[in-house]
$ cat protein15.cif   # mmCIF, C-alpha atoms
data_start
loop_
_atom_site.label_atom_id
_atom_site.label_comp_id
_atom_site.auth_asym_id
_atom_site.auth_seq_id
_atom_site.Cartn_x
_atom_site.Cartn_y
_atom_site.Cartn_z
CA MET T 1255 51.78 107.97 45.36
CA ALA T 1256 48.99 106.61 47.59
CA LYS T 1257 45.74 105.66 45.88
CA LYS T 1258 42.97 107.91 47.17
CA ILE T 1259 39.56 106.39 47.87
CA LEU T 1260 36.98 109.07 48.55
CA ILE T 1261 33.56 108.22 49.98
CA VAL T 1262 30.90 110.92 49.79
CA GLY T 1263 28.31 110.26 52.48
CA GLY T 1264 28.59 109.10 56.10
CA GLY T 1265 25.34 107.15 56.33
CA LEU T 1266 25.10 103.39 56.57
CA ALA T 1267 26.45 102.70 53.06
CA GLY T 1268 29.45 105.03 53.30
CA THR T 1269 30.28 103.85 56.82
CA ILE T 1270 30.16 100.11 56.03
CA ILE T 1271 32.29 100.63 52.93
CA ALA T 1272 34.92 102.72 54.73
CA ASN T 1273 35.19 100.18 57.56
CA GLY T 1274 35.19 97.19 55.22
CA LEU T 1275 37.93 98.70 53.07
CA CYS T 1276 40.07 99.23 56.16
CA ARG T 1277 39.72 95.54 56.97
CA GLN T 1278 40.62 94.39 53.46
CA LEU T 1279 43.34 96.95 52.78
CA GLY T 1280 45.14 96.82 56.13
CA LYS T 1281 48.53 96.10 54.59
CA GLU T 1282 48.19 98.84 51.98
CA LEU T 1283 47.05 101.34 54.63
CA ARG T 1284 50.07 100.50 56.82
CA ALA T 1285 52.38 100.97 53.83
CA ASN T 1286 50.71 104.32 52.98
CA GLU T 1287 49.77 102.94 49.58
CA VAL T 1288 46.12 103.90 49.99
CA THR T 1289 44.02 106.46 51.86
CA ILE T 1290 40.33 106.16 52.73
CA THR T 1291 38.47 109.42 53.27
CA VAL T 1292 34.81 109.95 54.15
CA ILE T 1293 33.14 113.32 53.79
CA GLY T 1294 29.80 113.50 55.57
CA ASN T 1295 27.15 115.95 56.68
CA ASN T 1296 26.97 115.16 60.39
CA GLU T 1297 29.05 114.45 63.48
CA GLN T 1298 26.33 112.00 64.51
CA HIS T 1299 25.29 108.76 62.85
CA MET T 1300 21.57 108.08 63.11
CA TYR T 1301 19.95 104.64 63.17
CA GLN T 1302 17.10 105.51 60.81
CA PRO T 1303 14.94 102.38 61.32
CA GLY T 1304 14.60 103.40 64.96
CA LEU T 1305 12.49 106.37 63.89
CA LEU T 1306 9.55 103.99 63.49
CA TYR T 1307 9.31 103.70 67.29
CA VAL T 1308 9.60 107.44 68.06
CA PRO T 1309 5.94 108.39 67.44
CA PHE T 1310 4.90 105.80 70.02
CA GLY T 1311 7.56 106.75 72.56
CA ARG T 1312 9.01 103.25 72.29
CA ILE T 1313 12.65 104.28 71.86
CA ARG T 1314 14.82 106.81 73.62
CA GLU T 1315 16.01 109.41 71.13
CA LYS T 1316 19.58 109.17 72.37
CA ASP T 1317 19.57 105.48 71.41
CA LEU T 1318 19.18 106.52 67.77
CA PHE T 1319 22.58 108.18 67.66
CA ARG T 1320 26.28 107.40 67.93
CA ASP T 1321 29.22 109.68 67.34
CA GLN T 1322 30.16 109.04 63.69
CA ARG T 1323 33.86 109.10 64.55
CA SER T 1324 33.30 106.21 66.97
CA VAL T 1325 31.50 104.15 64.32
CA LEU T 1326 34.30 104.58 61.78
CA ASP T 1327 37.57 102.65 61.83
CA ARG T 1328 40.28 104.92 63.23
CA ARG T 1329 42.23 104.60 59.97
CA VAL T 1330 39.48 106.43 58.05
CA ILE T 1331 40.05 110.14 57.44
CA PHE T 1332 36.69 111.72 58.30
CA HIS T 1333 35.55 115.27 57.58
CA VAL T 1334 32.19 116.81 58.42
CA ASP T 1335 32.12 119.01 55.38
CA PRO T 1336 29.22 118.46 52.98
CA ALA T 1337 30.08 117.97 49.31
CA THR T 1338 28.82 120.77 47.08
CA LYS T 1339 30.07 119.70 43.64
CA ILE T 1340 31.24 116.38 42.27
CA ASP T 1341 33.25 116.55 39.06
CA ILE T 1342 33.96 113.12 37.63
CA SER T 1343 35.81 114.59 34.64
CA THR T 1344 38.52 116.09 36.86
CA LYS T 1345 38.12 113.39 39.54
CA SER T 1346 37.48 115.89 42.29
CA VAL T 1347 34.86 116.80 44.88
CA ALA T 1348 34.40 120.32 46.25
CA THR T 1349 32.98 120.88 49.73
CA GLU T 1350 31.17 123.56 51.69
CA SER T 1351 34.39 124.70 53.40
CA GLY T 1352 36.01 125.40 50.02
CA THR T 1353 38.22 122.29 50.09
CA THR T 1354 38.72 120.22 46.95
CA HIS T 1355 39.30 116.48 47.37
CA GLU T 1356 40.87 114.57 44.51
CA TYR T 1357 40.36 110.85 44.16
CA ASP T 1358 41.44 107.74 42.29
CA TYR T 1359 38.25 105.91 43.26
CA LEU T 1360 35.01 107.59 44.28
CA VAL T 1361 32.05 106.09 46.18
CA LEU T 1362 28.78 108.01 46.04
CA ALA T 1363 26.67 107.23 49.08
CA THR T 1364 24.76 110.47 49.46
CA GLY T 1365 21.39 108.87 50.23
CA SER T 1366 17.90 110.22 49.80
CA ARG T 1367 15.86 113.01 51.36
CA LEU T 1368 12.22 113.76 51.99
CA ARG T 1369 10.45 116.16 49.64
CA PRO T 1370 7.02 116.91 51.17
CA ASP T 1371 7.39 120.32 49.54
CA THR T 1372 6.76 118.76 46.11
CA VAL T 1373 3.08 118.08 46.97
CA PRO T 1374 0.87 121.13 47.65
CA GLY T 1375 -0.22 121.17 51.29
CA MET T 1376 1.87 118.19 52.40
CA ALA T 1377 4.54 120.05 54.39
CA GLU T 1378 1.87 122.05 56.24
CA GLY T 1379 -0.85 119.46 56.64
CA ALA T 1380 0.79 116.07 57.12
CA HIS T 1381 2.85 114.23 59.70
CA TRP T 1382 5.67 111.82 58.98
CA PHE T 1383 8.20 109.80 60.93
CA TYR T 1384 11.02 109.45 58.38
CA ASP T 1385 13.10 112.15 60.08
CA LEU T 1386 13.51 112.94 63.78
CA ASP T 1387 11.77 116.30 63.69
CA GLY T 1388 8.79 114.79 61.87
CA ALA T 1389 8.67 111.78 64.20
CA ARG T 1390 8.65 114.06 67.27
CA LYS T 1391 5.78 116.13 65.82
CA MET T 1392 3.89 112.95 65.00
CA ARG T 1393 4.38 111.77 68.60
CA GLU T 1394 2.88 115.05 69.87
CA ALA T 1395 -0.01 114.76 67.42
CA LEU T 1396 -0.74 111.20 68.52
CA GLU T 1397 -0.60 112.17 72.18
CA GLY T 1398 -3.29 114.77 71.50
CA PHE T 1399 -5.37 112.49 69.29
CA ASP T 1400 -8.63 111.35 70.84
CA GLY T 1401 -10.24 109.50 67.95
CA GLY T 1402 -11.31 110.22 64.38
CA LYS T 1403 -10.06 109.48 60.89
CA ILE T 1404 -6.39 108.68 60.34
CA VAL T 1405 -5.06 108.39 56.81
CA VAL T 1406 -1.70 106.67 56.23
CA ASN T 1407 -0.65 107.92 52.80
CA VAL T 1408 2.24 106.37 50.87
CA ASN T 1409 4.03 108.20 48.05
CA ALA T 1410 6.56 107.10 45.44
CA PRO T 1411 9.47 106.86 45.56
CA HIS T 1412 10.27 106.16 49.19
CA LYS T 1413 12.83 104.24 51.18
CA CYS T 1414 12.15 101.34 53.52
CA PRO T 1415 9.17 99.95 51.62
CA VAL T 1416 7.75 98.07 54.59
CA ALA T 1417 7.77 100.96 57.06
CA PRO T 1418 4.35 102.26 55.89
CA LEU T 1419 2.77 98.89 56.68
CA GLU T 1420 4.59 98.69 59.99
CA ILE T 1421 3.42 102.13 61.10
CA THR T 1422 -0.16 101.20 60.17
CA PHE T 1423 -0.16 98.00 62.22
CA MET T 1424 1.59 99.75 65.09
CA LEU T 1425 -0.91 102.63 64.99
CA ARG T 1426 -3.73 100.12 65.27
CA ASP T 1427 -2.15 98.46 68.32
CA TYR T 1428 -1.25 101.81 69.91
CA LEU T 1429 -4.79 103.17 69.52
CA GLN T 1430 -6.33 99.98 70.88
CA GLU T 1431 -4.03 100.13 73.90
CA ARG T 1432 -5.24 103.68 74.51
CA GLY T 1433 -8.87 102.58 74.23
CA LEU T 1434 -9.36 104.53 71.03
CA GLY T 1435 -9.70 101.54 68.70
CA ASP T 1436 -13.48 101.90 68.35
CA LYS T 1437 -13.31 105.66 67.94
CA THR T 1438 -10.75 105.58 65.13
CA GLU T 1439 -10.89 104.70 61.46
CA ILE T 1440 -7.56 104.07 59.73
CA THR T 1441 -7.34 104.31 55.93
CA TYR T 1442 -4.14 103.30 54.14
CA THR T 1443 -3.47 104.55 50.62
CA TYR T 1444 -0.94 103.12 48.18
CA PRO T 1445 0.23 104.28 44.74
CA ILE T 1446 -0.23 101.02 42.80
CA GLY T 1447 -3.07 98.50 42.51
CA ARG T 1448 -2.27 96.46 45.62
CA LEU T 1449 -1.31 97.18 49.23
CA HIS T 1450 2.43 96.71 48.85
CA ALA T 1451 4.95 96.65 46.01
CA LEU T 1452 5.90 93.06 46.88
CA GLU T 1453 3.03 90.89 45.71
CA PRO T 1454 3.29 88.22 48.46
CA VAL T 1455 3.45 90.95 51.11
CA ALA T 1456 0.40 92.62 49.54
CA ASN T 1457 -1.46 89.29 49.48
CA TRP T 1458 -0.65 88.73 53.15
CA THR T 1459 -1.56 92.30 54.14
CA GLN T 1460 -5.04 92.51 52.64
CA PRO T 1461 -6.74 89.89 54.88
CA GLU T 1462 -4.76 91.23 57.87
CA PHE T 1463 -6.12 94.73 57.18
CA ASP T 1464 -9.63 93.30 56.73
CA LYS T 1465 -9.33 91.44 60.03
CA ALA T 1466 -8.07 94.58 61.81
CA GLY T 1467 -10.75 96.80 60.27
CA ILE T 1468 -8.14 98.92 58.48
CA LYS T 1469 -9.61 100.48 55.33
CA TYR T 1470 -7.51 100.92 52.21
CA GLU T 1471 -7.46 102.60 48.83
CA THR T 1472 -5.07 101.53 46.08
CA PHE T 1473 -4.07 103.50 42.97
CA PHE T 1474 -3.80 106.62 45.11
CA ASN T 1475 -1.05 109.05 44.03
CA THR T 1476 -1.24 112.23 46.02
CA LYS T 1477 -2.03 115.34 44.02
CA SER T 1478 -2.67 117.83 46.82
CA ILE T 1479 -3.76 118.28 50.40
CA ASP T 1480 -6.35 120.85 51.45
CA VAL T 1481 -5.08 121.75 54.90
CA GLU T 1482 -8.16 123.84 55.83
CA LYS T 1483 -10.74 121.26 54.84
CA LYS T 1484 -8.52 118.33 55.87
CA VAL T 1485 -8.94 116.50 52.59
CA ILE T 1486 -6.26 114.61 50.65
CA SER T 1487 -6.79 114.29 46.88
CA SER T 1488 -5.23 111.94 44.36
CA GLU T 1489 -4.21 112.09 40.71
CA GLU T 1490 -6.83 109.37 40.26
CA GLU T 1491 -9.51 111.91 41.34
CA SER T 1492 -10.30 110.49 44.75
CA ASP T 1493 -10.73 112.60 47.90
CA ILE T 1494 -10.37 111.32 51.47
CA GLU T 1495 -11.16 113.30 54.62
CA TYR T 1496 -8.85 113.01 57.59
CA ASP T 1497 -8.42 114.23 61.15
CA LEU T 1498 -4.79 113.11 61.30
CA LEU T 1499 -2.72 112.61 58.17
CA VAL T 1500 0.41 110.43 58.32
CA THR T 1501 2.36 110.46 55.09
CA ILE T 1502 5.42 108.85 53.62
CA PRO T 1503 6.59 111.85 51.58
CA PRO T 1504 8.07 111.34 48.10
CA HIS T 1505 11.87 111.15 48.18
CA HIS T 1506 14.58 112.68 46.04
CA GLY T 1507 18.27 111.90 46.00
CA SER T 1508 20.79 114.32 47.42
CA GLN T 1509 20.97 117.91 46.18
CA VAL T 1510 24.70 117.58 45.42
CA ILE T 1511 23.91 114.85 42.86
CA THR T 1512 21.45 117.14 41.08
CA ASP T 1513 23.80 120.14 41.32
CA SER T 1514 26.59 118.02 39.79
CA ASP T 1515 24.38 116.83 36.89
CA LEU T 1516 24.91 113.23 37.96
CA GLY T 1517 21.30 112.10 37.74
CA ALA T 1518 17.69 113.30 37.52
CA GLY T 1519 16.04 113.60 40.91
CA GLY T 1520 19.40 113.00 42.59
CA TRP T 1521 19.47 109.30 41.58
CA VAL T 1522 22.71 108.26 39.89
CA PRO T 1523 22.47 105.97 36.83
CA THR T 1524 24.16 102.79 38.06
CA GLU T 1525 25.00 99.43 36.48
CA ARG T 1526 23.00 96.87 38.44
CA GLU T 1527 25.72 94.22 38.83
CA THR T 1528 28.95 96.21 39.07
CA LEU T 1529 27.39 99.15 40.96
CA LEU T 1530 29.56 101.46 38.86
CA HIS T 1531 28.11 104.77 37.73
CA GLU T 1532 27.18 104.12 34.10
CA GLY T 1533 30.03 104.93 31.74
CA THR T 1534 32.72 105.00 34.43
CA THR T 1535 35.28 102.57 35.83
CA ASP T 1536 36.17 104.45 39.02
CA VAL T 1537 32.88 105.75 40.45
CA PHE T 1538 30.84 103.33 42.59
CA VAL T 1539 27.34 104.10 43.77
CA CYS T 1540 25.73 102.60 46.87
CA GLY T 1541 22.43 102.53 48.74
CA ASP T 1542 19.57 104.94 48.13
CA THR T 1543 21.77 106.97 45.75
CA THR T 1544 21.50 104.50 42.84
CA ASN T 1545 18.74 104.54 40.25
CA ILE T 1546 18.60 100.72 40.29
CA PRO T 1547 14.92 99.73 40.48
CA ILE T 1548 15.18 97.84 43.76
CA SER T 1549 14.16 98.70 47.32
CA LYS T 1550 15.81 101.68 48.93
CA ALA T 1551 16.58 100.06 52.27
CA GLY T 1552 19.38 99.64 54.77
CA SER T 1553 19.82 96.00 53.82
CA THR T 1554 20.16 96.92 50.15
CA ALA T 1555 22.87 99.40 51.08
CA HIS T 1556 24.55 96.74 53.22
CA PHE T 1557 24.62 94.02 50.55
CA GLU T 1558 25.70 96.50 47.89
CA ALA T 1559 28.41 97.81 50.22
CA ASP T 1560 29.80 94.30 50.69
CA THR T 1561 30.09 93.94 46.91
CA ILE T 1562 31.75 97.34 46.52
CA ILE T 1563 34.25 96.57 49.32
CA ASP T 1564 35.32 93.37 47.56
CA ASN T 1565 35.54 95.00 44.13
CA LEU T 1566 37.29 98.16 45.24
CA SER T 1567 39.84 96.22 47.32
CA SER T 1568 40.45 93.94 44.40
CA LEU T 1569 40.86 96.87 42.01
CA VAL T 1570 43.40 98.52 44.31
CA THR T 1571 45.44 95.37 44.91
CA GLU T 1572 45.00 93.39 41.70
CA GLY T 1573 43.48 95.75 39.15
CA ARG T 1574 40.36 93.62 38.64
CA MET T 1575 36.77 93.40 39.84
CA ALA T 1576 35.99 90.52 42.22
CA ARG T 1577 32.26 89.82 41.95
CA LYS T 1578 28.79 90.95 40.98
CA TYR T 1579 25.91 92.23 43.09
CA ASP T 1580 22.97 89.83 42.87
CA GLY T 1581 20.27 92.31 43.88
CA LYS T 1582 19.81 90.91 47.39
CA VAL T 1583 17.42 92.74 49.72
CA PHE T 1584 16.29 91.63 53.20
CA CYS T 1585 13.57 93.31 55.24
CA PHE T 1586 12.11 92.78 58.65
CA VAL T 1587 8.38 93.53 58.79
CA GLU T 1588 6.86 94.51 62.15
CA THR T 1589 3.25 93.30 61.95
CA GLY T 1590 2.19 94.86 65.24
CA MET T 1591 3.71 95.77 68.58
CA ASN T 1592 4.58 92.12 69.37
CA GLN T 1593 4.83 90.24 66.07
CA GLY T 1594 7.08 90.34 63.06
CA THR T 1595 8.17 88.53 59.93
CA TYR T 1596 10.86 88.97 57.30
CA VAL T 1597 11.27 88.77 53.55
CA TRP T 1598 14.26 88.50 51.23
CA PHE T 1599 14.69 88.41 47.46
CA ASN T 1600 17.20 89.19 44.73
CA TYR T 1601 17.21 89.80 40.98
CA THR T 1602 16.21 86.19 40.29
CA THR T 1603 14.52 84.92 43.48
CA PRO T 1604 11.02 86.21 44.24
CA PRO T 1605 10.10 87.14 47.81
CA ASN T 1606 8.23 84.64 50.01
CA PRO T 1607 7.56 85.94 53.55
CA GLY T 1608 6.88 83.50 56.38
CA ALA T 1609 4.14 83.64 59.01
CA PRO T 1610 4.64 86.42 61.60
CA SER T 1611 5.96 85.38 64.99
CA GLN T 1612 7.03 86.94 68.25
CA MET T 1613 10.53 85.54 67.77
CA VAL T 1614 11.13 87.54 64.60
CA HIS T 1615 9.84 90.64 66.39
CA TRP T 1616 12.38 90.04 69.16
CA PHE T 1617 15.10 89.54 66.60
CA LYS T 1618 14.24 92.85 65.01
CA LEU T 1619 14.41 94.51 68.43
CA ALA T 1620 17.82 92.88 68.90
CA TYR T 1621 18.88 94.15 65.48
CA ASN T 1622 18.01 97.67 66.61
CA ARG T 1623 21.17 97.26 68.75
CA LEU T 1624 23.14 94.98 66.44
CA TYR T 1625 22.95 97.69 63.74
CA TRP T 1626 25.99 99.36 65.23
CA LEU T 1627 28.05 96.20 64.73
CA SER T 1628 26.74 96.09 61.18
CA ALA T 1629 27.83 99.68 60.49
CA ARG T 1630 31.25 98.90 61.94
CA GLY T 1631 31.50 96.02 59.49
CA LEU T 1632 31.50 93.35 62.20
CA LEU T 1633 28.18 91.78 61.26
CA MET L 154 12.10 118.32 21.77
CA SER L 155 10.71 115.47 23.82
CA GLU L 156 13.02 112.88 25.31
CA ARG L 157 12.69 109.19 26.09
CA THR L 158 13.84 107.72 29.42
CA THR L 159 14.31 103.97 29.80
CA ILE L 160 13.60 102.18 33.08
CA ASP L 161 15.06 98.69 33.13
CA ALA L 162 12.77 97.12 35.74
CA ARG L 163 13.37 93.54 34.61
CA GLY L 164 13.60 91.27 37.66
CA ALA L 165 12.58 94.16 39.92
CA PHE L 166 10.30 92.67 42.57
CA CYS L 167 10.22 95.76 44.76
CA PRO L 168 9.18 98.49 44.21
CA GLY L 169 8.38 97.11 40.75
CA PRO L 170 7.79 98.52 37.27
CA LEU L 171 4.64 100.58 37.91
CA MET L 172 6.07 102.24 41.00
CA GLU L 173 9.26 103.05 39.06
CA LEU L 174 7.12 104.56 36.31
CA ILE L 175 5.16 106.69 38.81
CA ALA L 176 8.39 107.96 40.39
CA THR L 177 10.00 108.72 37.02
CA LEU L 178 6.93 110.55 35.67
CA LYS L 179 7.50 113.11 38.43
CA LEU L 180 10.98 113.85 37.07
CA VAL L 181 10.39 114.18 33.31
CA GLU L 182 8.84 116.99 31.27
CA ILE L 183 5.37 116.99 29.74
CA GLY L 184 5.63 115.36 26.31
CA ASP L 185 8.54 113.10 27.31
CA GLU L 186 8.25 109.34 26.93
CA ILE L 187 9.20 106.60 29.36
CA ASP L 188 10.05 103.10 28.14
CA VAL L 189 9.50 100.63 30.98
CA LEU L 190 11.22 97.27 30.50
CA SER L 191 9.41 94.66 32.58
CA SER L 192 9.74 90.90 32.86
CA ASP L 193 6.49 90.78 34.84
CA LYS L 194 3.65 90.07 32.43
CA GLY L 195 1.26 91.74 34.88
CA SER L 196 2.89 95.08 33.99
CA ALA L 197 1.47 94.88 30.46
CA ILE L 198 -2.00 95.03 32.07
CA ASP L 199 -1.40 97.12 35.22
CA ILE L 200 0.53 99.95 33.60
CA PRO L 201 -1.96 100.70 30.77
CA ALA L 202 -4.84 100.51 33.27
CA TRP L 203 -3.19 103.06 35.55
CA VAL L 204 -2.09 105.30 32.67
CA GLU L 205 -5.68 105.47 31.46
CA LYS L 206 -6.93 106.18 35.00
CA VAL L 207 -4.64 109.19 35.49
CA LYS L 208 -4.93 110.32 31.86
CA HIS L 209 -1.40 110.02 30.62
CA GLU L 210 -0.95 108.37 27.21
CA MET L 211 0.07 104.86 26.17
CA VAL L 212 2.47 104.99 23.23
CA GLY L 213 2.76 101.21 22.82
CA ILE L 214 3.42 97.78 24.28
CA GLU L 215 5.80 95.36 22.63
CA GLU L 216 6.84 91.88 23.73
CA GLU L 217 10.52 91.16 23.14
CA GLY L 218 11.65 87.69 24.14
CA ASP L 219 10.99 87.28 27.85
CA PHE L 220 10.14 90.88 28.63
CA TRP L 221 7.90 93.77 27.60
CA HIS L 222 8.55 97.33 26.45
CA ILE L 223 5.74 99.53 27.78
CA VAL L 224 6.04 103.09 26.49
CA VAL L 225 4.15 105.92 28.18
CA ARG L 226 3.98 109.64 27.35
CA LYS L 227 3.53 112.22 30.12
CA ILE L 228 0.80 114.60 29.04
CA LYS L 229 -0.01 116.61 32.16
#
$ encode --input "protein15.cif" --output "structure tokens"
Amino acid sequence: MAKKILIVGGGLAGTIIANGLCRQLGKELRANEVTITVIGNNEQHMYQPGLLYVPFGRIREKDLFRDQRSVLDRRVIFHVDPATKIDISTKSVATESGTTHEYDYLVLATGSRLRPDTVPGMAEGAHWFYDLDGARKMREALEGFDGGKIVVNVNAPHKCPVAPLEITFMLRDYLQERGLGDKTEITYTYPIGRLHALEPVANWTQPEFDKAGIKYETFFNTKSIDVEKKVISSEEESDIEYDLLVTIPPHHGSQVITDSDLGAGGWVPTERETLLHEGTTDVFVCGDTTNIPISKAGSTAHFEADTIIDNLSSLVTEGRMARKYDGKVFCFVETGMNQGTYVWFNYTTPPNPGAPSQMVHWFKLAYNRLYWLSARGLL
Amino acid sequence: MSERTTIDARGAFCPGPLMELIATLKLVEIGDEIDVLSSDKGSAIDIPAWVEKVKHEMVGIEEEGDFWHIVVRKIK
């Protein structure tokens, strides 16, 4: 009887794992000793980091997408059929079409989703760029913007922790290019007592913001937005007026995780080194889906995926785990339209970003293309 | 009956213990407690300062070896 590996989620994490398993389990796949199945929500795979460029018209929308089937190894069985219930006691996953998939090993890679609806006024009054529809609306709003107060408002939890800084620097450059620099005031708000979760990044950002004339308010956790008066209010009892509000909405995990009682908020309790769902030996969790207190970012998903590929292959072929995840995260940081830097860290090594340069910016632009090799497991 | 949730944020450089606490407070019920485990000594200062600012309640701070337990109760 073939061992069934079932991957729930066709985003970056699920895709890298499926492709990586095909590479490592080629012999077993040929001998029909194992099957690798992905159940996803979409025919299309979206390059999410590209959304950052959409509000400024700096990327063609079609360049954000590839056919998911073309990104997956041809040996992967792929269904567009969203999971509706995951039952780890019976080792089965039910889907929207009424199908039930049984598994020997399960990978949960269901990702995260935006929840602007959890803050009064946010869905109606704010713009965001973390999904395509939002990024298009933000592009329209920016095109019609002729100066005034812009608030960039960051909420917890959210994925891609550097994107809020990037959008702020890019907004500054964009508005200056349009001759609106002197007519615009940008205020950035952040939930904790500094400008970024990573202390060295926060220390670097503050003088950069000062130099660029970007105002900021820390300890700002959004309570509500008065859409009529155009005022955003915080739990810390601060009010800020705006003409254009750009927000990073709070995120939740996937609905199917909540519906399956696998974790509060849709985040699955996960052992930080094995990436196994706590209390299990056959359910791996990857990417945004985990409750591990590290960055929700594509690179996190990638490094976790590499660990899961090695461990799952080893379990199938030798009945043992191969290695531990060390908590590695790597992030590019766009510090304007023409400059960038990067930062990496793990559970034991603190982050230490270098000085921004044009070369790193170019490398990030190159990575916008190289991503597809990464998803295919070639990079 | 109130419940206690533990966040093991030891060695978590990003988003860090306070951000994890803020995110978790949105998910628990009023009256529930959150025990934040942090190896960053700054958390023992930052977290109580923020908790006081937003009017939740500090239950206690305890140093255990090379990390801290910082227990917070959600009260609104």
$ closest_residue --input "protein15.cif" --among "T:Tyr1444, T:Phe1463, T:Trp1626, T:Tyr1601" --to "chain L" --atoms "all atoms listed in the file"
T:Tyr1601
$ closest_atom_pairs --input "protein15.cif" --of "chain L" --to "chain T" --cutoff "9 Å" --atoms "only C-alpha atoms" --output "tab-separated table"
residue	atom	partner	partner_atom	distance
L:Ile160	CA	T:Pro1547	CA	7.9
L:Asp161	CA	T:Pro1547	CA	7.4
L:Ala162	CA	T:Pro1547	CA	5.8
L:Arg163	CA	T:Tyr1601	CA	8.3
L:Gly164	CA	T:Tyr1601	CA	5.1
L:Ala165	CA	T:Ile1548	CA	5.9
L:Phe166	CA	T:Leu1452	CA	6.2
L:Cys167	CA	T:Ile1548	CA	5.5
L:Pro168	CA	T:Ala1451	CA	5.0
L:Gly169	CA	T:Ala1451	CA	6.3
L:Pro170	CA	T:Pro1547	CA	7.9
L:Leu171	CA	T:Ile1446	CA	6.9
L:Met172	CA	T:Ala1410	CA	6.6
L:Glu173	CA	T:Pro1547	CA	6.7
L:Ile175	CA	T:Ala1410	CA	6.8
L:Ala176	CA	T:Pro1411	CA	5.4
L:Thr177	CA	T:Gly1519	CA	8.7
L:Lys179	CA	T:Gly1519	CA	8.9
L:Leu180	CA	T:Gly1519	CA	6.4
L:Val181	CA	T:Ala1518	CA	8.5
L:Asp199	CA	T:Gly1447	CA	7.6
L:Trp203	CA	T:Phe1473	CA	7.5
L:Lys206	CA	T:Glu1490	CA	6.2
L:Val207	CA	T:Glu1490	CA	5.3
L:Lys208	CA	T:Glu1490	CA	8.7
$ residues_around --input "protein15.cif" --residues "Asp185 in chain L" --least-positions-apart "4" --cutoff "7 Å" --atoms "all atoms listed in the file" --output "count of residues only"
6
$ residues_around --input "protein15.cif" --residues "Arg1329 in chain T" --least-positions-apart "5" --cutoff "12 Å" --atoms "all atoms listed in the file" --output "JSON, numbers by chain"
{"T": [1272, 1273, 1274, 1275, 1276, 1277, 1279, 1280, 1281, 1282, 1283, 1284, 1286, 1288, 1289, 1290, 1291, 1292, 1323, 1324]}
$ resolve_selection --input "protein15.cif" --expression "the PyMOL selection byres ((chain T and resi 1349) around 8)" --output "VMD selection string"
chain T and resid 1335 to 1339 1347 to 1348 1350 to 1354
$ atom_distance --input "protein15.cif" --atom1 "CA of Leu1429 in chain T" --atom2 "CA of Thr1472 in chain T"
23.5 Å
$ resolve_selection --input "protein15.cif" --expression "the PyMOL selection byres ((chain L and resi 209-218) around 10)" --output "PyMOL selection string"
chain L and resi 178+183-184+186-192+194+197-198+200-208+219-229
$ residues_near_point --input "protein15.cif" --point "(6.1, 114.2, 65.9)" --cutoff "12 Å" --atoms "only C-alpha atoms" --output "ChimeraX atom specification"
/T:1305-1311,1380-1398,1498-1500
$ atom_distance --input "protein15.cif" --atom1 "CA of Gly1507 in chain T" --atom2 "CA of Ser1478 in chain T"
21.8 Å
$ atom_distance --input "protein15.cif" --atom1 "CA of Glu1297 in chain T" --atom2 "CA of Thr1364 in chain T"
15.2 Å
$ residues_around --input "protein15.cif" --residues "Val1522 in chain T" --least-positions-apart "6" --cutoff "7 Å" --atoms "only C-alpha atoms" --output "MDAnalysis selection string"
chainID T and resid 1516 1531 1543:1545
$ residues_around --input "protein15.cif" --residues "Val1597 in chain T" --least-positions-apart "4" --cutoff "9 Å" --atoms "only C-alpha atoms" --output "number ranges by chain"
T: 1455, 1583-1587, 1605-1608
$ residues_around --input "protein15.cif" --residues "Leu1449 in chain T" --least-positions-apart "4" --cutoff "8 Å" --atoms "all atoms listed in the file" --output "compact mmCIF listing (two decimals) with C-alpha atoms, in the coordinates of the input"
# COMPACT_ATOMS: atom_id res chain seq x y z
CA THR T 1443 -3.47 104.55 50.62
CA TYR T 1444 -0.94 103.12 48.18
CA ALA T 1456 0.40 92.62 49.54
CA ASN T 1457 -1.46 89.29 49.48
CA THR T 1459 -1.56 92.30 54.14
CA GLN T 1460 -5.04 92.51 52.64
CA TYR T 1470 -7.51 100.92 52.21
CA THR T 1472 -5.07 101.53 46.08
$ resolve_selection --input "protein15.cif" --expression "the PyMOL selection byres ((chain T and resi 1436) around 12)" --output "list in words"
Asp1400, Gly1401, Gly1402, Lys1403, Arg1426, Asp1427, Leu1429, Gln1430, Glu1431, Arg1432, Gly1433, Leu1434, Gly1435, Lys1437, Thr1438, Glu1439, Ile1440, Ala1466, Gly1467 and Ile1468 of chain T
